>>> print(open('entry.cif').read())   # mmCIF, C-alpha atoms and all ligand atoms
data_protein
#
loop_
_atom_site.label_atom_id
_atom_site.label_comp_id
_atom_site.auth_asym_id
_atom_site.auth_seq_id
_atom_site.Cartn_x
_atom_site.Cartn_y
_atom_site.Cartn_z
CA MET A 307 83.30 60.52 78.39
CA ILE A 308 80.65 57.99 77.40
CA ASP A 309 78.62 59.08 74.39
CA MET A 310 75.05 57.93 75.12
CA GLU A 311 73.79 58.87 71.65
CA TYR A 312 76.45 56.65 70.11
CA ILE A 313 75.45 53.71 72.31
CA VAL A 314 71.75 54.19 71.71
CA ASN A 315 72.33 54.30 67.95
CA LYS A 316 74.30 51.08 68.17
CA TYR A 317 71.43 49.55 70.16
CA LYS A 318 68.95 50.62 67.45
CA GLU A 319 71.12 49.06 64.73
CA LEU A 320 71.35 45.80 66.68
CA LEU A 321 67.60 45.73 67.30
CA ILE A 322 66.69 46.41 63.67
CA GLN A 323 69.17 43.73 62.53
CA GLU A 324 68.08 41.13 65.08
CA ASN A 325 64.38 41.84 64.60
CA LYS A 326 64.64 40.60 61.03
CA LYS A 327 65.63 37.16 62.38
CA HIS A 328 63.59 37.00 65.56
CA ASN A 329 60.37 38.74 66.32
CA LEU A 330 61.61 40.90 69.21
CA VAL A 331 59.26 43.77 68.53
CA SER A 332 56.50 44.11 65.95
CA ARG A 333 57.96 43.48 62.48
CA ARG A 334 56.45 46.71 61.24
CA MET A 335 58.15 48.86 63.86
CA ASP A 336 59.89 51.78 62.18
CA VAL A 337 62.62 54.08 63.52
CA GLU A 338 60.10 56.74 64.60
CA GLU A 339 58.20 54.24 66.69
CA LEU A 340 61.43 52.95 68.15
CA ASP A 341 62.43 56.50 69.11
CA GLU A 342 59.06 56.90 70.82
CA HIS A 343 59.70 53.78 72.94
CA ILE A 344 63.11 55.18 73.86
CA ARG A 345 61.63 58.54 74.86
CA ASP A 346 58.91 56.78 76.84
CA SER A 347 61.56 54.73 78.68
CA LEU A 348 63.46 57.91 79.58
CA ALA A 349 60.37 59.87 80.72
CA ILE A 350 61.03 58.85 84.33
CA LEU A 351 64.30 60.81 84.34
CA ASP A 352 62.33 64.08 84.00
CA TRP A 353 60.62 63.18 87.24
CA VAL A 354 62.96 61.35 89.63
CA ASN A 355 66.67 60.93 90.25
CA LEU A 356 67.16 57.19 90.14
CA SER A 357 69.84 55.86 92.45
CA GLY A 358 71.07 52.62 93.96
CA ARG A 359 70.51 49.24 92.36
CA GLY A 360 67.64 48.75 89.91
CA VAL A 361 65.74 45.81 88.45
CA ASP A 362 63.52 45.85 85.37
CA ILE A 363 60.91 43.12 84.94
CA GLY A 364 59.95 41.88 81.45
CA THR A 365 62.43 44.09 79.60
CA GLY A 366 61.53 42.57 76.21
CA ALA A 367 63.60 44.27 73.54
CA GLY A 368 64.93 46.81 76.06
CA PHE A 369 62.18 49.05 77.44
CA PRO A 370 62.58 50.70 79.84
CA GLY A 371 65.43 48.89 81.67
CA LEU A 372 68.09 48.66 79.01
CA ILE A 373 67.54 52.21 77.79
CA LEU A 374 67.75 53.52 81.37
CA ALA A 375 70.95 51.53 81.86
CA ILE A 376 72.47 53.29 78.84
CA TYR A 377 71.54 56.73 80.18
CA CYS A 378 72.36 56.00 83.85
CA PRO A 379 75.78 54.29 83.67
CA ASP A 380 76.29 54.65 87.43
CA ILE A 381 73.28 52.49 88.26
CA ALA A 382 73.60 48.70 88.20
CA PHE A 383 70.57 47.28 86.37
CA THR A 384 69.35 43.71 86.48
CA LEU A 385 67.05 42.93 83.56
CA ILE A 386 64.67 40.04 84.18
CA GLU A 387 63.24 38.56 81.01
CA ALA A 388 61.67 35.11 80.71
CA ASP A 389 61.88 34.78 76.93
CA LEU A 390 65.05 33.11 75.63
CA LYS A 391 65.45 35.09 72.40
CA LYS A 392 64.80 38.41 74.09
CA SER A 393 67.15 37.67 76.98
CA MET A 394 69.84 36.60 74.48
CA PHE A 395 69.34 39.84 72.59
CA LEU A 396 69.66 41.90 75.79
CA THR A 397 72.87 40.04 76.68
CA LYS A 398 74.24 40.72 73.20
CA VAL A 399 73.51 44.45 73.46
CA GLY A 400 75.15 44.54 76.89
CA ARG A 401 78.27 42.91 75.49
CA GLU A 402 78.50 44.80 72.18
CA CYS A 403 77.76 48.17 73.76
CA ASN A 404 80.12 47.53 76.70
CA LEU A 405 77.39 48.10 79.27
CA SER A 406 79.23 46.96 82.38
CA ASN A 407 76.24 48.02 84.53
CA VAL A 408 73.84 45.49 82.95
CA GLN A 409 73.12 41.97 84.16
CA VAL A 410 70.52 39.91 82.30
CA VAL A 411 68.63 37.21 84.17
CA ARG A 412 66.56 34.81 82.10
CA LYS A 413 63.90 33.90 84.61
CA ARG A 414 60.26 34.40 85.36
CA ALA A 415 59.75 37.20 87.88
CA GLU A 416 58.02 34.65 90.15
CA GLU A 417 61.26 32.60 90.29
CA ALA A 418 63.47 35.66 90.62
CA GLY A 419 61.47 36.80 93.65
CA ARG A 420 62.34 33.53 95.42
CA ASP A 421 66.03 33.61 94.51
CA LEU A 422 67.90 34.77 97.62
CA GLU A 423 70.47 36.58 95.50
CA LEU A 424 67.70 38.74 94.06
CA ARG A 425 64.95 38.87 96.70
CA GLU A 426 64.79 42.23 98.53
CA ARG A 427 68.09 43.32 96.96
CA PHE A 428 66.97 46.29 94.87
CA ASP A 429 66.38 49.96 95.62
CA PHE A 430 63.87 50.29 92.81
CA CYS A 431 62.06 48.30 90.15
CA THR A 432 60.79 49.46 86.77
CA SER A 433 58.34 47.77 84.43
CA ARG A 434 56.33 48.61 81.34
CA ALA A 435 53.59 46.66 79.55
CA VAL A 436 54.05 43.40 81.45
CA ALA A 437 50.98 42.86 83.64
CA ALA A 438 48.12 44.60 85.43
CA MET A 439 49.18 46.50 88.54
CA ARG A 440 48.01 43.91 91.09
CA VAL A 441 49.93 41.17 89.25
CA MET A 442 52.93 43.41 88.74
CA LEU A 443 53.07 44.14 92.47
CA GLU A 444 53.41 40.45 93.26
CA TYR A 445 56.29 40.22 90.76
CA ALA A 446 58.02 43.42 91.82
CA LEU A 447 57.62 44.02 95.57
CA PRO A 448 59.49 40.81 96.61
CA LEU A 449 62.54 42.07 94.70
CA VAL A 450 62.82 45.52 96.29
CA LYS A 451 64.10 46.38 99.76
CA LYS A 452 61.71 47.78 102.36
CA GLY A 453 61.50 51.50 101.59
CA GLY A 454 62.31 50.81 97.93
CA LEU A 455 60.12 51.93 95.02
CA VAL A 456 58.31 50.20 92.18
CA TYR A 457 57.71 52.32 89.06
CA MET A 458 55.03 51.04 86.67
CA TRP A 459 54.46 52.63 83.25
CA LYS A 460 50.72 52.72 82.67
CA GLY A 461 48.08 53.93 80.25
CA PRO A 462 44.95 55.99 80.97
CA ASN A 463 43.21 53.12 82.80
CA PHE A 464 45.75 53.24 85.62
CA GLU A 465 43.15 54.45 88.14
CA GLU A 466 41.06 51.36 87.49
CA GLU A 467 44.14 49.17 87.95
CA TRP A 468 45.00 51.05 91.13
CA LYS A 469 41.51 50.33 92.56
CA GLU A 470 41.87 46.64 91.66
CA ALA A 471 45.29 46.59 93.34
CA HIS A 472 43.93 47.65 96.74
CA ASN A 473 44.13 44.14 98.20
CA ALA A 474 47.54 43.37 96.64
CA LEU A 475 48.93 46.58 98.18
CA GLU A 476 47.61 45.62 101.59
CA VAL A 477 48.70 41.96 101.49
CA LEU A 478 52.15 42.63 100.02
CA GLY A 479 52.86 45.84 101.92
CA GLY A 480 52.91 48.75 99.51
CA ARG A 481 51.35 52.18 98.99
CA VAL A 482 51.04 54.42 95.96
CA VAL A 483 53.16 57.46 96.78
CA ASP A 484 53.07 59.40 93.52
CA VAL A 485 51.86 59.37 89.92
CA TYR A 486 53.71 61.12 87.11
CA ALA A 487 51.56 62.17 84.12
CA TYR A 488 53.17 62.95 80.78
CA ALA A 489 52.51 62.74 77.05
CA SER A 490 54.11 60.21 74.74
CA GLY A 491 53.33 61.20 71.16
CA ASP A 492 49.61 61.94 71.30
CA ARG A 493 48.95 59.53 74.17
CA ARG A 494 48.59 60.27 77.86
CA ARG A 495 50.93 58.13 79.91
CA TYR A 496 51.49 57.66 83.62
CA ILE A 497 54.20 56.25 85.83
CA VAL A 498 52.84 55.00 89.14
CA ALA A 499 55.28 54.88 92.06
CA VAL A 500 54.64 52.38 94.85
CA GLU A 501 56.71 52.35 98.01
CA LYS A 502 57.37 49.04 99.73
CA THR A 503 56.23 49.54 103.30
CA ALA A 504 56.89 46.10 104.82
CA PRO A 505 58.99 43.01 104.17
CA THR A 506 57.26 40.68 101.71
CA PRO A 507 55.47 37.78 103.42
CA GLU A 508 57.31 34.48 102.85
CA LYS A 509 54.57 32.98 100.63
CA TYR A 510 54.94 35.62 97.86
CA PRO A 511 55.49 35.53 94.98
CA ARG A 512 53.39 32.46 94.42
CA ARG A 513 54.31 29.76 91.88
CA THR A 514 54.89 30.69 88.22
CA GLY A 515 51.63 31.60 86.54
CA ILE A 516 49.56 31.86 89.72
CA PRO A 517 49.85 35.67 90.21
CA ALA A 518 48.34 36.23 86.75
CA LYS A 519 45.81 33.39 87.01
CA ARG A 520 44.60 34.22 90.53
CA PRO A 521 45.50 37.89 91.09
CA LEU A 522 45.50 39.10 94.69
C1 LIG B 601 54.55 43.15 76.07
S1 LIG B 601 56.23 42.80 76.43
C2 LIG B 601 56.81 44.37 76.99
C3 LIG B 601 58.29 44.48 76.85
C4 LIG B 601 58.88 45.83 77.31
N1 LIG B 601 58.78 46.00 78.75
C5 LIG B 601 58.23 46.99 76.59
O1 LIG B 601 57.65 47.85 77.25
O2 LIG B 601 58.30 47.03 75.35
C6 LIG B 601 56.18 41.85 77.93
C7 LIG B 601 57.51 41.17 78.22
O3 LIG B 601 57.49 40.68 79.55
C8 LIG B 601 58.00 39.36 79.59
N2 LIG B 601 57.33 38.72 80.73
C9 LIG B 601 55.99 38.54 80.90
N3 LIG B 601 55.73 37.97 82.08
C10 LIG B 601 56.93 37.78 82.68
C11 LIG B 601 57.32 37.22 83.93
N4 LIG B 601 56.43 36.74 84.79
N5 LIG B 601 58.65 37.18 84.23
C12 LIG B 601 59.57 37.66 83.35
N6 LIG B 601 59.26 38.20 82.15
C13 LIG B 601 57.96 38.26 81.82
C14 LIG B 601 57.64 38.77 78.23
O4 LIG B 601 58.51 37.71 77.89
C15 LIG B 601 57.79 39.98 77.32
O5 LIG B 601 59.09 40.09 76.80
#
>>> encode(input="entry.cif", output="structure tokens")
Amino acid sequence: MIDMEYIVNKYKELLIQENKKHNLVSRRMDVEELDEHIRDSLAILDWVNLSGRGVDIGTGAGFPGLILAIYCPDIAFTLIEADLKKSMFLTKVGRECNLSNVQVVRKRAEEAGRDLELRERFDFCTSRAVAAMRVMLEYALPLVKKGGLVYMWKGPNFEEEWKEAHNALEVLGGRVVDVYAYASGDRRRYIVAVEKTAPTPEKYPRRTGIPAKRPL
């Protein structure tokens, strides 16, 4: 049987070691803070049963995609991360922790969404702290199948972001189906679930940088 605690401890060791060389997370991050990021990544498992094939956008040092891959060994996870050092770190963890369910793709989400091997291939997408909801939707919806779900980890201003995302939801074909509220440390956190209701129009995602510069 796979011992998840063992793997997660190995991941923490690798991150602490690697963070001394490359700035993967804030230099001042201590073990308690790291544990909080891990708990925050896993919060979704108290709410939904993830299944099928998943993609995480902007995984950074591992949150939430890599942590979910450790705890859900039956789900194949693709981790999309544009930054070279971070994507190399994620690949290293995958190799050293024998995570056969992890594939790391060093690409911008805008490019990934146009890659026919990735476009509309996933049952669900996760993402935390990457972009505002309307930008995130242009990154994420092209990657999931019609009927698939996009889960976005958000702070207390999620309702504002949701209002701003009205047009993006309409243009891209998505609707907010549920919001999960929970506490992470002393902060209120939310995971917003968007269902993809229609195939993504051909022209999305737009070129690299445009979704953030000219949000829908
Ligand atoms: C603030 S960090 C958050 C990392 C992690 N998700 C977390 O919650 O700790 C944002 C990450 O998203 C990546 N990123 C930002 N925009 C991206 C894009 N368009 N495509 C792929 N990765 C992106 C950055 O390189 C960075 O590692």
>>> closest_atom_pairs(input="entry.cif", of="chain A", to="ligand LIG 601 (chain B)", cutoff="6 Å", atoms="only C-alpha atoms and all ligand atoms", output="Markdown table")
| residue | atom | partner | partner_atom | distance |
| --- | --- | --- | --- | --- |
| A:Ile363 | CA | B:LIG601 | C12 | 5.8 |
| A:Gly364 | CA | B:LIG601 | O3 | 3.3 |
| A:Thr365 | CA | B:LIG601 | N1 | 4.2 |
| A:Gly366 | CA | B:LIG601 | O5 | 3.5 |
| A:Phe369 | CA | B:LIG601 | C5 | 4.5 |
| A:Ile386 | CA | B:LIG601 | C12 | 5.7 |
| A:Glu387 | CA | B:LIG601 | N6 | 4.2 |
| A:Ala388 | CA | B:LIG601 | N6 | 4.2 |
| A:Asp389 | CA | B:LIG601 | O4 | 4.6 |
| A:Lys413 | CA | B:LIG601 | C12 | 5.9 |
| A:Arg414 | CA | B:LIG601 | N5 | 3.4 |
| A:Ala415 | CA | B:LIG601 | N5 | 3.8 |
| A:Glu416 | CA | B:LIG601 | N4 | 6.0 |
| A:Ser433 | CA | B:LIG601 | N1 | 6.0 |
| A:Arg434 | CA | B:LIG601 | O1 | 4.4 |
| A:Ala435 | CA | B:LIG601 | C2 | 4.7 |
| A:Val436 | CA | B:LIG601 | C6 | 4.4 |
>>> closest_residue(input="entry.cif", among="A:Ile381, A:Leu478, A:Leu422, A:Leu320", to="Thr397 of chain A", atoms="all atoms listed in the file")
A:Leu320
>>> atom_distance(input="entry.cif", atom1="atom CA of Ile516 of chain A", atom2="atom CA of Met439 of chain A")
14.7 Å
>>> closest_residue(input="entry.cif", among="A:Gly461, A:Gly454, A:Gly480, A:Gly419", to="Ala438 of chain A", atoms="all atoms listed in the file")
A:Gly461
>>> closest_residue(input="entry.cif", among="A:Ser490, A:Ile313, A:Gln323, A:Cys431", to="Arg401 of chain A", atoms="all atoms listed in the file")
A:Ile313
>>> atom_distance(input="entry.cif", atom1="atom CA of Glu311 of chain A", atom2="atom CA of Trp459 of chain A")
23.4 Å
>>> closest_residue(input="entry.cif", among="A:Glu423, A:Asp336, A:Asp380, A:Glu444", to="Val408 of chain A", atoms="only C-alpha atoms")
A:Asp380
>>> atom_distance(input="entry.cif", atom1="atom CA of Lys509 of chain A", atom2="atom CA of Leu455 of chain A")
20.5 Å
>>> residues_around(input="entry.cif", residues="Tyr457 of chain A", least_positions_apart="5", cutoff="6 Å", atoms="all atoms listed in the file", output="ChimeraX atom specification")
/A:432,498-499
>>> write_last_selection(input="entry.cif", atoms="C-alpha atoms", output="PDB file, in the frame of the given file")
ATOM      1  CA  THR A 432      60.790  49.460  86.770  1.00  0.00           C
ATOM      2  CA  VAL A 498      52.840  55.000  89.140  1.00  0.00           C
ATOM      3  CA  ALA A 499      55.280  54.880  92.060  1.00  0.00           C
TER       4      ALA A 499
END
>>> residues_around(input="entry.cif", residues="Ala375 of chain A", least_positions_apart="3", cutoff="12 Å", atoms="all atoms listed in the file", output="PyMOL selection string")
chain A and resi 310+313-314+317+344+347-348+351+356-357+359-362+365+368-372+378-385+396+399-400+403-410+432
>>> residues_near_point(input="entry.cif", point="(44.5, 43.3, 97.0)", cutoff="12 Å", atoms="only C-alpha atoms", output="short mmCIF file (atom, residue, chain, number, x, y, z; two decimals) with C-alpha atoms, keeping the file's coordinate frame")
data_model
loop_
_atom_site.label_atom_id
_atom_site.label_comp_id
_atom_site.auth_asym_id
_atom_site.auth_seq_id
_atom_site.Cartn_x
_atom_site.Cartn_y
_atom_site.Cartn_z
CA MET A 439 49.18 46.50 88.54
CA ARG A 440 48.01 43.91 91.09
CA VAL A 441 49.93 41.17 89.25
CA MET A 442 52.93 43.41 88.74
CA LEU A 443 53.07 44.14 92.47
CA GLU A 444 53.41 40.45 93.26
CA GLU A 467 44.14 49.17 87.95
CA TRP A 468 45.00 51.05 91.13
CA LYS A 469 41.51 50.33 92.56
CA GLU A 470 41.87 46.64 91.66
CA ALA A 471 45.29 46.59 93.34
CA HIS A 472 43.93 47.65 96.74
CA ASN A 473 44.13 44.14 98.20
CA ALA A 474 47.54 43.37 96.64
CA LEU A 475 48.93 46.58 98.18
CA GLU A 476 47.61 45.62 101.59
CA VAL A 477 48.70 41.96 101.49
CA LEU A 478 52.15 42.63 100.02
CA GLY A 479 52.86 45.84 101.92
CA GLY A 480 52.91 48.75 99.51
CA ARG A 481 51.35 52.18 98.99
CA PRO A 517 49.85 35.67 90.21
CA ARG A 520 44.60 34.22 90.53
CA PRO A 521 45.50 37.89 91.09
CA LEU A 522 45.50 39.10 94.69
#
>>> closest_residue(input="entry.cif", among="A:Met458, A:Lys452, A:Ala489, A:Val482", to="Thr506 of chain A", atoms="all atoms listed in the file")
A:Lys452
>>> residues_near_point(input="entry.cif", point="(66.8, 43.3, 97.8)", cutoff="6 Å", atoms="all atoms listed in the file", output="list in words")
Leu424, Arg425, Glu426, Arg427, Phe428, Leu449, Val450 and Lys451 of chain A
>>> closest_residue(input="entry.cif", among="A:Asp346, A:Glu417, A:Asp341, A:Glu402", to="Tyr510 of chain A", atoms="all atoms listed in the file")
A:Glu417
>>> build_atoms(input="entry.cif", residues="segment 329-340 of chain A", atoms="N, CA and C atoms", output="mmCIF file, in the coordinates of the input")
data_model
loop_
_atom_site.group_PDB
_atom_site.id
_atom_site.type_symbol
_atom_site.label_atom_id
_atom_site.label_comp_id
_atom_site.auth_asym_id
_atom_site.auth_seq_id
_atom_site.Cartn_x
_atom_site.Cartn_y
_atom_site.Cartn_z
ATOM 1 N N ASN A 329 61.390 37.729 66.113
ATOM 2 C CA ASN A 329 60.370 38.740 66.320
ATOM 3 C C ASN A 329 60.477 39.363 67.723
ATOM 4 N N LEU A 330 61.388 40.308 67.885
ATOM 5 C CA LEU A 330 61.610 40.900 69.210
ATOM 6 C C LEU A 330 60.595 41.994 69.493
ATOM 7 N N VAL A 331 60.323 42.763 68.456
ATOM 8 C CA VAL A 331 59.260 43.770 68.530
ATOM 9 C C VAL A 331 58.425 43.579 67.262
ATOM 10 N N SER A 332 57.330 44.295 67.138
ATOM 11 C CA SER A 332 56.500 44.110 65.950
ATOM 12 C C SER A 332 57.348 44.318 64.684
ATOM 13 N N ARG A 333 57.159 43.434 63.717
ATOM 14 C CA ARG A 333 57.960 43.480 62.480
ATOM 15 C C ARG A 333 57.843 44.818 61.754
ATOM 16 N N ARG A 334 56.687 45.463 61.965
ATOM 17 C CA ARG A 334 56.450 46.710 61.240
ATOM 18 C C ARG A 334 57.013 47.931 61.955
ATOM 19 N N MET A 335 57.674 47.697 63.090
ATOM 20 C CA MET A 335 58.150 48.860 63.860
ATOM 21 C C MET A 335 59.181 49.664 63.063
ATOM 22 N N ASP A 336 58.914 50.963 62.906
ATOM 23 C CA ASP A 336 59.890 51.780 62.180
ATOM 24 C C ASP A 336 60.714 52.597 63.182
ATOM 25 N N VAL A 337 61.687 53.352 62.651
ATOM 26 C CA VAL A 337 62.620 54.080 63.520
ATOM 27 C C VAL A 337 61.892 55.106 64.387
ATOM 28 N N GLU A 338 60.846 55.736 63.817
ATOM 29 C CA GLU A 338 60.100 56.740 64.600
ATOM 30 C C GLU A 338 59.444 56.124 65.827
ATOM 31 N N GLU A 339 58.867 54.941 65.597
ATOM 32 C CA GLU A 339 58.200 54.240 66.690
ATOM 33 C C GLU A 339 59.214 53.817 67.753
ATOM 34 N N LEU A 340 60.350 53.368 67.260
ATOM 35 C CA LEU A 340 61.430 52.950 68.150
ATOM 36 C C LEU A 340 61.891 54.140 69.005
#
